[in-house]
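Visitor: Provided herewith: query_31.cif, mmCIF, C-alpha atoms.
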data_final
#
loop_
_atom_site.label_atom_id
_atom_site.label_comp_id
_atom_site.auth_asym_id
_atom_site.auth_seq_id
_atom_site.Cartn_x
_atom_site.Cartn_y
_atom_site.Cartn_z
CA MET U 1 -37.88 -21.26 66.22
CA THR U 2 -35.36 -18.50 66.86
CA LYS U 3 -32.10 -18.86 68.76
CA GLU U 4 -33.65 -16.93 71.65
CA SER U 5 -36.67 -19.19 72.01
CA ASP U 6 -34.54 -22.36 71.74
CA LEU U 7 -32.14 -21.13 74.40
CA LYS U 8 -34.95 -19.91 76.61
CA ALA U 9 -36.65 -23.31 76.47
CA LEU U 10 -33.36 -24.98 77.46
CA MET U 11 -32.96 -22.50 80.32
CA ALA U 12 -36.50 -23.17 81.54
CA ALA U 13 -35.79 -26.91 81.62
CA SER U 14 -32.42 -26.50 83.31
CA LEU U 15 -33.95 -24.30 86.02
CA GLU U 16 -36.25 -27.25 86.74
CA GLY U 17 -33.16 -29.40 87.29
CA ASP U 18 -32.82 -30.99 83.83
CA SER U 19 -29.09 -31.77 83.55
CA SER U 20 -29.04 -32.58 79.85
CA ALA U 21 -30.86 -29.33 78.99
CA HIS U 22 -28.33 -27.51 81.16
CA GLN U 23 -25.48 -29.13 79.28
CA SER U 24 -27.01 -28.26 75.90
CA LEU U 25 -27.59 -24.70 77.04
CA LEU U 26 -24.03 -24.20 78.27
CA THR U 27 -22.61 -25.83 75.14
CA ALA U 28 -24.68 -23.59 72.85
CA LEU U 29 -23.83 -20.47 74.87
CA SER U 30 -20.10 -21.32 74.95
CA GLY U 31 -19.99 -20.94 71.16
CA TYR U 32 -21.60 -17.50 71.23
CA LEU U 33 -19.48 -16.42 74.19
CA ARG U 34 -16.28 -17.52 72.48
CA SER U 35 -16.90 -15.45 69.38
CA TYR U 36 -18.10 -12.49 71.49
CA TYR U 37 -14.96 -12.50 73.64
CA LYS U 38 -12.53 -13.10 70.76
CA SER U 39 -13.81 -10.12 68.82
CA ARG U 40 -14.07 -7.81 71.85
CA LEU U 41 -10.62 -8.73 73.16
CA VAL U 42 -9.01 -8.11 69.81
CA ARG U 43 -10.84 -4.79 69.61
CA ALA U 44 -9.46 -3.92 73.07
CA GLY U 45 -5.94 -4.63 71.87
CA ARG U 46 -5.64 -8.01 73.57
CA THR U 47 -4.97 -11.44 72.17
CA ALA U 48 -7.76 -13.86 71.35
CA GLU U 49 -6.08 -16.46 73.62
CA GLU U 50 -7.51 -14.80 76.72
CA ALA U 51 -10.98 -15.56 75.38
CA GLU U 52 -11.20 -19.14 76.61
CA ASP U 53 -10.63 -18.15 80.25
CA LEU U 54 -13.42 -15.61 79.95
CA VAL U 55 -15.73 -18.13 78.28
CA GLN U 56 -15.18 -20.43 81.24
CA GLU U 57 -15.64 -17.64 83.78
CA ALA U 58 -18.90 -16.60 82.11
CA LEU U 59 -20.16 -20.21 81.98
CA ILE U 60 -19.46 -20.57 85.70
CA VAL U 61 -21.43 -17.38 86.40
CA ILE U 62 -24.30 -18.50 84.14
CA HIS U 63 -24.36 -21.73 86.13
CA THR U 64 -23.99 -20.34 89.67
CA GLN U 65 -26.18 -17.26 89.07
CA ARG U 66 -28.94 -18.99 87.10
CA HIS U 67 -31.34 -18.11 89.91
CA THR U 68 -30.97 -14.42 88.95
CA TYR U 69 -32.60 -14.97 85.55
CA ASP U 70 -36.16 -13.60 85.36
CA GLN U 71 -38.21 -16.18 83.48
CA GLU U 72 -40.64 -13.56 82.23
CA GLN U 73 -37.84 -11.84 80.32
CA PRO U 74 -35.83 -12.90 77.25
CA LEU U 75 -32.64 -14.84 77.98
CA THR U 76 -30.30 -13.10 75.53
CA PRO U 77 -30.00 -9.76 77.43
CA TRP U 78 -29.32 -11.65 80.66
CA VAL U 79 -26.48 -13.64 79.07
CA TYR U 80 -25.15 -10.53 77.35
CA ALA U 81 -25.13 -8.55 80.60
CA ILE U 82 -23.13 -11.31 82.32
CA ALA U 83 -20.69 -11.64 79.41
CA ARG U 84 -20.15 -7.89 79.27
CA TYR U 85 -19.74 -7.58 83.05
CA LYS U 86 -17.08 -10.30 83.06
CA LEU U 87 -15.29 -8.69 80.09
CA ILE U 88 -15.14 -5.28 81.78
CA ASP U 89 -14.02 -6.93 85.01
CA HIS U 90 -11.28 -8.84 83.18
CA LEU U 91 -10.00 -5.81 81.28
CA ARG U 92 -9.92 -3.75 84.46
CA ARG U 93 -8.26 -6.46 86.52
CA THR U 94 -5.55 -7.29 84.02
CA ARG U 95 -4.74 -3.63 83.47
CA ALA U 96 -4.41 -3.04 87.20
CA SER U 97 -2.16 -6.06 87.66
CA THR U 98 0.45 -4.79 85.19
CA ALA U 99 0.41 -1.32 86.71
CA SER U 100 0.85 -2.60 90.26
CA VAL U 101 4.33 -4.11 89.71
CA PRO U 102 6.64 -1.76 91.60
CA LEU U 103 9.76 -0.27 90.06
CA GLU U 104 12.82 -1.73 91.84
CA ASN U 105 16.59 -1.51 91.62
CA ALA U 106 17.93 -3.16 88.49
CA GLU U 107 20.24 -5.39 90.60
CA ASN U 108 17.19 -7.09 92.09
CA ILE U 109 16.94 -9.16 88.97
CA LEU U 110 20.17 -10.95 90.01
CA ALA U 111 19.29 -11.08 93.70
CA SER U 112 18.45 -14.74 93.90
CA ASP U 113 19.11 -17.77 91.75
CA ASP U 114 16.28 -20.27 91.62
CA ARG U 115 18.01 -22.78 89.32
CA GLY U 116 17.53 -25.51 91.91
CA ALA U 117 13.79 -25.47 91.36
CA THR U 118 14.16 -27.19 88.01
CA GLU U 119 15.06 -30.36 89.89
CA SER U 120 11.94 -30.40 92.00
CA GLN U 121 9.40 -33.03 91.15
CA PHE U 122 5.74 -32.48 90.57
CA ASP U 123 4.57 -33.97 93.76
CA LEU U 124 0.81 -33.77 93.51
CA THR U 125 0.16 -33.67 97.23
CA ARG U 126 2.67 -30.90 97.68
CA LEU U 127 1.02 -28.89 94.93
CA LEU U 128 -2.42 -29.59 96.34
CA GLU U 129 -1.33 -28.31 99.74
CA ARG U 130 -0.90 -24.85 98.32
CA LEU U 131 -4.58 -24.61 97.45
CA PRO U 132 -7.19 -23.27 99.88
CA GLU U 133 -8.68 -26.11 101.89
CA ARG U 134 -12.08 -26.28 100.21
CA MET U 135 -10.52 -26.28 96.75
CA ARG U 136 -8.04 -28.96 97.78
CA LEU U 137 -10.74 -31.16 99.30
CA SER U 138 -13.04 -30.69 96.30
CA ILE U 139 -10.31 -31.88 93.93
CA GLN U 140 -9.25 -34.63 96.30
CA TYR U 141 -12.76 -36.05 96.61
CA VAL U 142 -13.98 -35.64 93.03
CA LYS U 143 -10.84 -36.13 90.96
CA LEU U 144 -8.65 -38.40 93.12
CA ASP U 145 -11.08 -40.37 95.28
CA GLY U 146 -13.68 -40.58 92.51
CA MET U 147 -16.64 -39.42 94.61
CA SER U 148 -19.69 -37.88 92.97
CA VAL U 149 -20.11 -34.13 93.18
CA ALA U 150 -23.03 -34.60 95.58
CA GLU U 151 -20.96 -36.77 97.97
CA ALA U 152 -18.10 -34.29 97.89
CA ALA U 153 -20.51 -31.41 98.55
CA ASN U 154 -21.85 -33.30 101.55
CA ARG U 155 -18.38 -33.98 102.91
CA CYS U 156 -17.23 -30.38 102.49
CA GLY U 157 -20.50 -28.92 103.69
CA ILE U 158 -20.83 -26.68 100.63
CA SER U 159 -23.21 -26.64 97.66
CA LYS U 160 -22.74 -28.79 94.60
CA SER U 161 -22.20 -25.68 92.48
CA ALA U 162 -19.43 -24.60 94.86
CA VAL U 163 -17.70 -27.99 94.53
CA LYS U 164 -17.83 -27.77 90.75
CA VAL U 165 -16.42 -24.25 90.75
CA ASN U 166 -13.74 -25.23 93.29
CA VAL U 167 -12.59 -28.16 91.16
CA HIS U 168 -12.41 -25.93 88.12
CA ARG U 169 -10.57 -23.04 89.79
CA GLY U 170 -8.28 -25.42 91.68
CA LEU U 171 -7.24 -27.33 88.58
CA LYS U 172 -6.55 -24.06 86.84
CA ILE U 173 -4.30 -22.90 89.68
CA LEU U 174 -2.52 -26.27 89.68
CA ALA U 175 -1.96 -26.08 85.93
CA ALA U 176 -0.56 -22.57 86.32
CA SER U 177 1.81 -23.57 89.12
CA ILE U 178 3.05 -26.59 87.17
CA ALA U 179 3.68 -24.35 84.16
CA ARG U 180 5.58 -21.93 86.40
CA GLU U 181 7.75 -24.69 87.86
CA THR U 182 8.54 -26.07 84.43
CA LYS U 183 9.67 -22.67 83.24
CA ALA U 184 11.78 -21.94 86.33
CA MET L 1 -9.51 -27.75 82.14
CA LYS L 2 -11.10 -27.75 78.72
CA THR L 3 -14.33 -25.88 78.28
CA ASN L 4 -16.33 -28.98 77.37
CA GLU L 5 -15.06 -30.72 80.51
CA LEU L 6 -16.12 -27.72 82.56
CA ILE L 7 -19.56 -27.84 80.96
CA SER L 8 -20.06 -31.51 81.71
CA MET L 9 -18.93 -30.98 85.29
CA LEU L 10 -21.28 -28.03 85.77
CA SER L 11 -24.07 -30.08 84.23
CA SER L 12 -23.73 -33.10 86.49
CA GLN L 13 -26.57 -33.22 89.00
CA VAL L 14 -28.19 -29.83 88.39
CA ASP L 15 -30.47 -28.69 91.20
CA PRO L 16 -33.74 -26.94 90.43
CA VAL L 17 -33.62 -23.28 91.47
CA ASP L 18 -36.22 -20.65 92.35
CA THR L 19 -35.76 -17.53 90.23
CA ARG L 20 -38.09 -15.43 92.37
CA GLU L 21 -36.06 -15.83 95.53
CA VAL L 22 -33.74 -12.87 94.81
CA VAL L 23 -36.70 -10.48 94.72
CA ARG L 24 -38.17 -12.02 97.87
CA ASN L 25 -34.83 -11.52 99.65
CA VAL L 26 -34.79 -7.81 98.81
CA ARG L 27 -38.39 -7.34 99.93
CA ILE L 28 -37.70 -9.11 103.22
CA ALA L 29 -34.58 -6.96 103.71
CA ILE L 30 -36.60 -3.77 103.16
CA LEU L 31 -39.21 -4.91 105.69
CA VAL L 32 -36.56 -5.90 108.22
CA GLY L 33 -34.75 -2.60 107.65
CA ALA L 34 -38.03 -0.73 108.14
CA ALA L 35 -38.77 -2.57 111.37
CA VAL L 36 -35.29 -1.87 112.76
CA SER L 37 -35.45 1.81 111.74
CA LEU L 38 -38.84 2.10 113.42
CA LEU L 39 -37.48 0.58 116.62
CA ALA L 40 -34.49 2.93 116.52
CA VAL L 41 -36.73 5.99 116.13
CA VAL L 42 -39.24 4.83 118.76
CA PHE L 43 -36.67 3.89 121.40
CA VAL L 44 -33.81 6.29 120.71
CA LEU L 45 -35.57 9.45 119.49
CA GLY L 46 -39.11 8.82 120.73
CA VAL L 47 -42.44 9.22 118.93
CA ARG L 48 -43.85 12.78 118.93
CA THR L 49 -46.22 13.24 121.83
CA ASP L 50 -48.98 15.17 120.07
CA LEU L 51 -50.09 12.38 117.73
CA ASN L 52 -53.69 12.59 118.98
CA GLU L 53 -54.06 16.08 117.47
CA ILE L 54 -55.53 16.40 113.98
CA HIS L 55 -52.92 18.96 112.89
CA ALA L 56 -50.04 16.68 113.84
CA GLN L 57 -51.69 13.68 112.21
CA ASN L 58 -52.15 15.56 108.93
CA PHE L 59 -48.49 16.43 108.81
CA VAL L 60 -47.37 12.93 109.69
CA PHE L 61 -49.54 11.69 106.81
CA ALA L 62 -48.04 14.27 104.43
CA LYS L 63 -44.50 13.23 105.39
CA LEU L 64 -45.37 9.54 105.09
CA ALA L 65 -46.99 10.10 101.68
CA PHE L 66 -43.71 11.60 100.45
CA SER L 67 -41.30 9.10 102.01
CA LEU L 68 -43.42 6.03 101.24
CA SER L 69 -43.85 7.02 97.60
CA VAL L 70 -40.05 7.28 97.40
CA VAL L 71 -39.70 3.80 98.95
CA ILE L 72 -42.34 2.19 96.74
CA LEU L 73 -41.01 3.65 93.47
CA ALA L 74 -37.36 3.01 94.29
CA SER L 75 -37.89 -0.57 95.44
CA HIS L 76 -39.90 -1.26 92.28
CA TYR L 77 -36.78 -0.40 90.25
CA LEU L 78 -34.31 -1.94 92.68
CA VAL L 79 -35.78 -5.45 92.26
CA LYS L 80 -35.20 -5.10 88.50
CA TYR L 81 -31.62 -3.84 88.85
CA ILE L 82 -30.50 -6.77 91.00
CA ARG L 83 -30.58 -9.11 88.00
CA PRO L 84 -27.93 -9.09 85.24
CA GLY L 85 -29.12 -6.78 82.48
CA GLY L 86 -31.85 -5.26 84.63
CA GLU L 87 -30.46 -1.86 83.71
CA PHE L 88 -31.37 -2.47 80.04
CA ARG L 89 -35.11 -2.50 80.72
CA ALA L 90 -35.59 -0.22 83.72
CA ARG L 91 -35.26 3.55 83.66
CA PHE L 92 -35.54 4.91 87.13
CA ALA L 93 -36.30 8.50 86.10
CA LEU L 94 -39.72 8.16 87.74
CA THR L 95 -38.10 8.09 91.18
CA VAL L 96 -37.67 11.87 90.98
CA LEU L 97 -41.46 12.38 90.88
CA PRO L 98 -41.99 12.46 94.67
CA PHE L 99 -39.14 14.97 94.99
CA LEU L 100 -40.59 17.18 92.25
CA ALA L 101 -44.06 16.99 93.79
CA ALA L 102 -42.68 17.93 97.22
CA MET L 103 -40.77 20.88 95.74
CA VAL L 104 -43.85 22.13 93.88
CA VAL L 105 -46.01 21.90 97.03
CA ALA L 106 -43.26 23.64 99.01
CA ALA L 107 -42.99 26.43 96.42
CA ILE L 108 -46.77 27.03 96.44
CA ASN L 109 -46.71 27.04 100.21
CA LEU L 110 -43.86 29.57 100.31
CA ALA L 111 -45.47 31.77 97.69
CA ALA L 112 -48.62 32.02 99.77
CA ALA L 113 -46.70 33.08 102.88
CA PRO L 114 -45.13 36.45 103.70
CA ARG L 115 -41.41 36.66 103.03
CA SER L 116 -40.61 37.16 106.72
CA HIS L 117 -41.86 33.59 107.47
CA TRP L 118 -39.72 31.93 104.86
CA GLU L 119 -36.71 31.29 107.03
CA THR L 120 -38.75 29.49 109.70
CA MET L 121 -40.66 27.54 107.05
CA VAL L 122 -37.47 26.26 105.44
CA PHE L 123 -35.29 25.69 108.50
CA GLY L 124 -37.95 24.79 111.10
CA SER L 125 -36.56 24.24 114.59
CA TYR L 126 -34.75 20.95 114.17
CA TRP L 127 -33.18 20.94 110.70
CA LEU L 128 -29.84 19.81 112.12
CA GLU L 129 -31.39 16.85 113.91
CA CYS L 130 -33.16 15.85 110.69
CA LEU L 131 -29.95 16.21 108.70
CA ILE L 132 -28.11 13.88 111.07
CA ALA L 133 -30.85 11.44 112.08
CA ILE L 134 -32.17 10.39 108.65
CA PRO L 135 -28.78 9.36 107.18
CA MET L 136 -27.75 7.67 110.44
CA VAL L 137 -30.93 5.65 110.77
CA ALA L 138 -30.68 4.83 107.04
CA VAL L 139 -27.48 2.84 107.69
CA LEU L 140 -29.60 0.04 109.19
CA PRO L 141 -31.92 -0.60 106.22
CA PHE L 142 -28.99 0.05 103.85
CA VAL L 143 -26.98 -2.80 105.36
CA ALA L 144 -29.96 -5.17 105.17
CA ILE L 145 -30.75 -4.22 101.56
CA MET L 146 -27.13 -4.47 100.39
CA TRP L 147 -26.88 -7.91 101.98
CA ALA L 148 -29.93 -9.06 100.00
CA VAL L 149 -28.69 -7.44 96.77
CA ARG L 150 -25.39 -9.28 97.13
CA LEU L 151 -27.30 -12.56 96.94
CA ALA L 152 -28.26 -11.54 93.39
CA ALA L 153 -25.97 -10.35 90.58
CA PRO L 154 -26.45 -6.71 89.53
CA THR L 155 -24.37 -5.63 86.54
CA ASP L 156 -24.84 -1.88 86.97
CA LEU L 157 -23.33 -1.47 90.42
CA LEU L 158 -23.46 2.32 90.52
CA ARG L 159 -27.19 2.62 89.87
CA THR L 160 -28.06 -0.45 91.95
CA GLY L 161 -26.14 1.06 94.87
CA ALA L 162 -27.90 4.39 94.33
CA LEU L 163 -31.31 2.72 94.35
CA ALA L 164 -30.43 0.80 97.52
CA GLY L 165 -29.43 4.11 99.14
CA LEU L 166 -32.63 5.73 97.92
CA VAL L 167 -34.81 2.98 99.39
CA ALA L 168 -32.84 3.06 102.67
CA GLY L 169 -33.16 6.85 102.87
CA GLY L 170 -36.89 6.64 102.20
CA VAL L 171 -37.36 3.94 104.85
CA SER L 172 -35.37 6.00 107.35
CA ALA L 173 -37.37 9.18 106.59
CA THR L 174 -40.60 7.21 107.02
CA ALA L 175 -39.54 6.15 110.51
CA TYR L 176 -38.18 9.61 111.37
CA ALA L 177 -41.53 11.21 110.39
CA LEU L 178 -43.03 9.70 113.56
CA HIS L 179 -40.56 11.70 115.66
CA CYS L 180 -40.14 14.93 113.69
CA MET L 181 -41.99 17.97 115.13
CA ASP L 182 -41.34 20.39 112.26
CA ASP L 183 -44.72 20.66 110.56
CA LEU L 184 -43.77 22.76 107.54
CA LEU L 185 -43.98 21.60 103.93
CA PRO L 186 -40.88 23.51 102.68
CA PHE L 187 -38.94 21.97 105.58
CA VAL L 188 -40.02 18.47 104.52
CA ALA L 189 -39.16 19.10 100.87
CA LEU L 190 -35.67 20.40 101.68
CA TRP L 191 -34.53 18.33 104.65
CA TYR L 192 -36.33 15.06 103.98
CA GLY L 193 -35.69 15.32 100.26
CA GLY L 194 -32.10 16.47 100.75
CA THR L 195 -31.13 13.77 103.24
CA ILE L 196 -32.69 11.05 101.07
CA VAL L 197 -30.64 12.37 98.12
CA LEU L 198 -27.53 12.22 100.35
CA CYS L 199 -28.29 8.56 101.10
CA THR L 200 -28.67 7.95 97.36
CA ILE L 201 -25.28 9.51 96.62
CA ALA L 202 -23.67 7.45 99.39
CA GLY L 203 -25.26 4.31 97.95
CA ALA L 204 -23.95 5.15 94.48
CA ALA L 205 -20.45 5.67 95.90
CA LEU L 206 -20.50 2.40 97.85
CA GLY L 207 -22.27 0.27 95.22
CA PRO L 208 -19.28 -0.50 92.99
CA ARG L 209 -17.21 -1.45 96.04
CA LEU L 210 -19.74 -3.48 98.00
CA LEU L 211 -21.65 -5.17 95.21
CA ARG L 212 -18.79 -6.52 93.06
CA TRP L 213 -18.95 -10.22 92.28
#
As structure tokens, what does this structure read like?
Guide:
Amino acid sequence: MTKESDLKALMAASLEGDSSAHQSLLTALSGYLRSYYKSRLVRAGRTAEEAEDLVQEALIVIHTQRHTYDQEQPLTPWVYAIARYKLIDHLRRTRASTASVPLENAENILASDDRGATESQFDLTRLLERLPERMRLSIQYVKLDGMSVAEAANRCGISKSAVKVNVHRGLKILAASIARETKA
Amino acid sequence: MKTNELISMLSSQVDPVDTREVVRNVRIAILVGAAVSLLAVVFVLGVRTDLNEIHAQNFVFAKLAFSLSVVILASHYLVKYIRPGGEFRARFALTVLPFLAAMVVAAINLAAAPRSHWETMVFGSYWLECLIAIPMVAVLPFVAIMWAVRLAAPTDLLRTGALAGLVAGGVSATAYALHCMDDLLPFVALWYGGTIVLCTIAGAALGPRLLRW
């Protein structure tokens, strides 16, 4: 058995709705994706730390776009195309974001003093309120109220995949805003 | 969130999915686009009135043979390009065949005719209408096709957009052929071929913007 045929068999089972095959597939792919992204990021002059975000992004795409895989074709090129697309997208996006910071007057750096923010508490509800509604509700239902993904999907009126992605993206945003507040 | 937590969350309650649906969506969009283009030509421009004459029928068939072969070839490649990595196994060079064939037929036709007829044979009477109508009608199938393509995940947005424009142009030209009164092969090769190429270029320009995911 080659890697390709193992992975393809897992994919076939997960497309039928086999959760454990899906988990094995994503776990196996995450290893390959991690080493792919680490080496390509370093080659592009970036740090290997960015790799994990990309691994997660690619896994989300592999999950949400699994209906775009053609079962008559090998799996490896499909995964590679997704990984490469996300890498190019990431490199382009992060380059644009550094270039789009406008040049201002040097005094602007002293324009406002945000020392007070260090005293603010991490009030979870306050942080949650900053998230878009669907993300907030997804986290609320799944992580705080302990509902299953299916129940939460029903409540929000969105697909189960969307709930999973919302929870993931939402938690990431929360983590980032907590990190920002701690630094401030 | 750690990657293994993400994986277990994504793997909880996995729904079965149909991997053929993306292709079905594109085919339905092409058919819907064709129906709408046909309605636009029939009700806005009107079908040519001499369709009961053999001469007119022959030319309508010649135009349809060209535009439909463009549509069939281009949509064959488009349904491959809508999937990630589709560009690795599909080369759409064959889509130029109908254009080459039309140009060869047009060249033979021109060569057999006296030079003084050439201008009429190339420009016909309604080249401007053709130049405007085909790209305008093509907007309708283009919107439908791009909507369906967005439900999939192309990774070569430029070529996928170009193919969507090519199919839309071909569909539009097919509908326009029922209206067009210029029964000259060089006219068809230049104005049908040229406007379909314009639609392809527009699709290629819009693809990276409209198809990003």
Visitor: Taking only C-alpha atoms into account and nothing else, which residues of chain U lie no more than 8 Å away from chain L? Please answer as a PyMOL selection string.
Guide: chain U and resi 14-20+22-23+26-27+52+55-56+59-60+63+65-71+77-82+85+149-150+161+164-165+168+171-172
Visitor: I'd like the contact shell of region 192-205 of chain L - 7 Å cut-off, all atoms listed in the file, skipping same-chain residues fewer than 6 positions apart - returned as a list in words.
Guide: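 That gives Phe99, Leu131, Ile134, Pro135, Leu158, Arg159, Gly161, Ala162, Leu163, Ala164, Gly165, Leu166, Gly169, Gly170 and Ala173 of chain L.
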Visitor: Which value, in Å to one decimal, gives the distance between CA of Ser35 (chain U) and CA of Ala58 (chain U)?
Guide: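 Pair CA of Ser35 (chain U) / CA of Ala58 (chain U) returns 12.9 Å.
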Visitor: Which residue out of U:Leu91, U:Met147, U:Ala83, U:Leu25 has the minimum interatomic distance to Gly45 (chain U) when only C-alpha atoms are used?
Guide: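 Under the stated criterion, the closest residue is U:Leu91.
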Visitor: Can you tell me how far CA of Cys130 (chain L) sits from CA of Pro98 (chain L), in Å to one decimal?
Guide: 18.6 Å
Visitor: Translate the PyMOL selection byres ((chain L and resi 46-57) around 8) into a concrete residue list for this structure, as a list of chain:residue names.
Guide: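 The output of the PyMOL selection byres ((chain L and resi 46-57) around 8) on this file is L:Val41, L:Val42, L:Phe43, L:Val44, L:Leu45, L:Asn58, L:Phe59, L:Val60, L:Phe61, L:Leu178, L:His179, L:Cys180, L:Met181, L:Asp183.
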Visitor: Could you expand the PyMOL selection byres ((chain L and resi 73) around 9) into the explicit residues it covers here, written as a list in words?
Guide: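 So the PyMOL selection byres ((chain L and resi 73) around 9) ends up selecting Leu68, Ser69, Val70, Val71, Ile72, Ala74, Ser75, His76, Tyr77, Leu78, Phe92, Leu94, Thr95, Pro98 and Val167 of chain L.
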Visitor: Give me the box for region 178-184 of chain L as JSON, namely the centre and edge lengths in Å to one decimal of a box along x, y and z that holds every listed atom plus 4 Å on each side.
Guide:
{"center_x": -42.4, "center_y": 16.2, "center_z": 111.6, "size_x": 12.6, "size_y": 21.1, "size_z": 16.1}
Visitor: Expand the PyMOL selection byres ((chain U and resi 125-142) around 7) into the individual residues it matches in the shown file, reporting them as number ranges by chain.
Guide: U: 123-124, 143-149, 152, 156, 163, 166-167, 170, 174
Visitor: Given all atoms listed in the file as the basis, pick out the residue of L:Phe123, L:Tyr176, L:Trp191, L:Tyr81 nearest to Met136 (chain L).
Guide: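 Using all atoms listed in the file, Met136 (chain L) sits closest to L:Tyr176.
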Visitor: Find the distance between CA of Thr120 (chain L) and CA of Leu100 (chain L) and write it in Å to one decimal.
Guide: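 Separating CA of Thr120 (chain L) from CA of Leu100 (chain L) is a distance of 21.4 Å.
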Visitor: Set the distance at 10 Å and use all atoms listed in the file: which residues neighbour Asn109 (chain L) once local chain neighbours fewer than 5 positions away are removed? I'd like the list as a list in words.
Guide: Met103, Val104, Trp118, Met121, Leu184, Leu185 and Pro186 of chain L
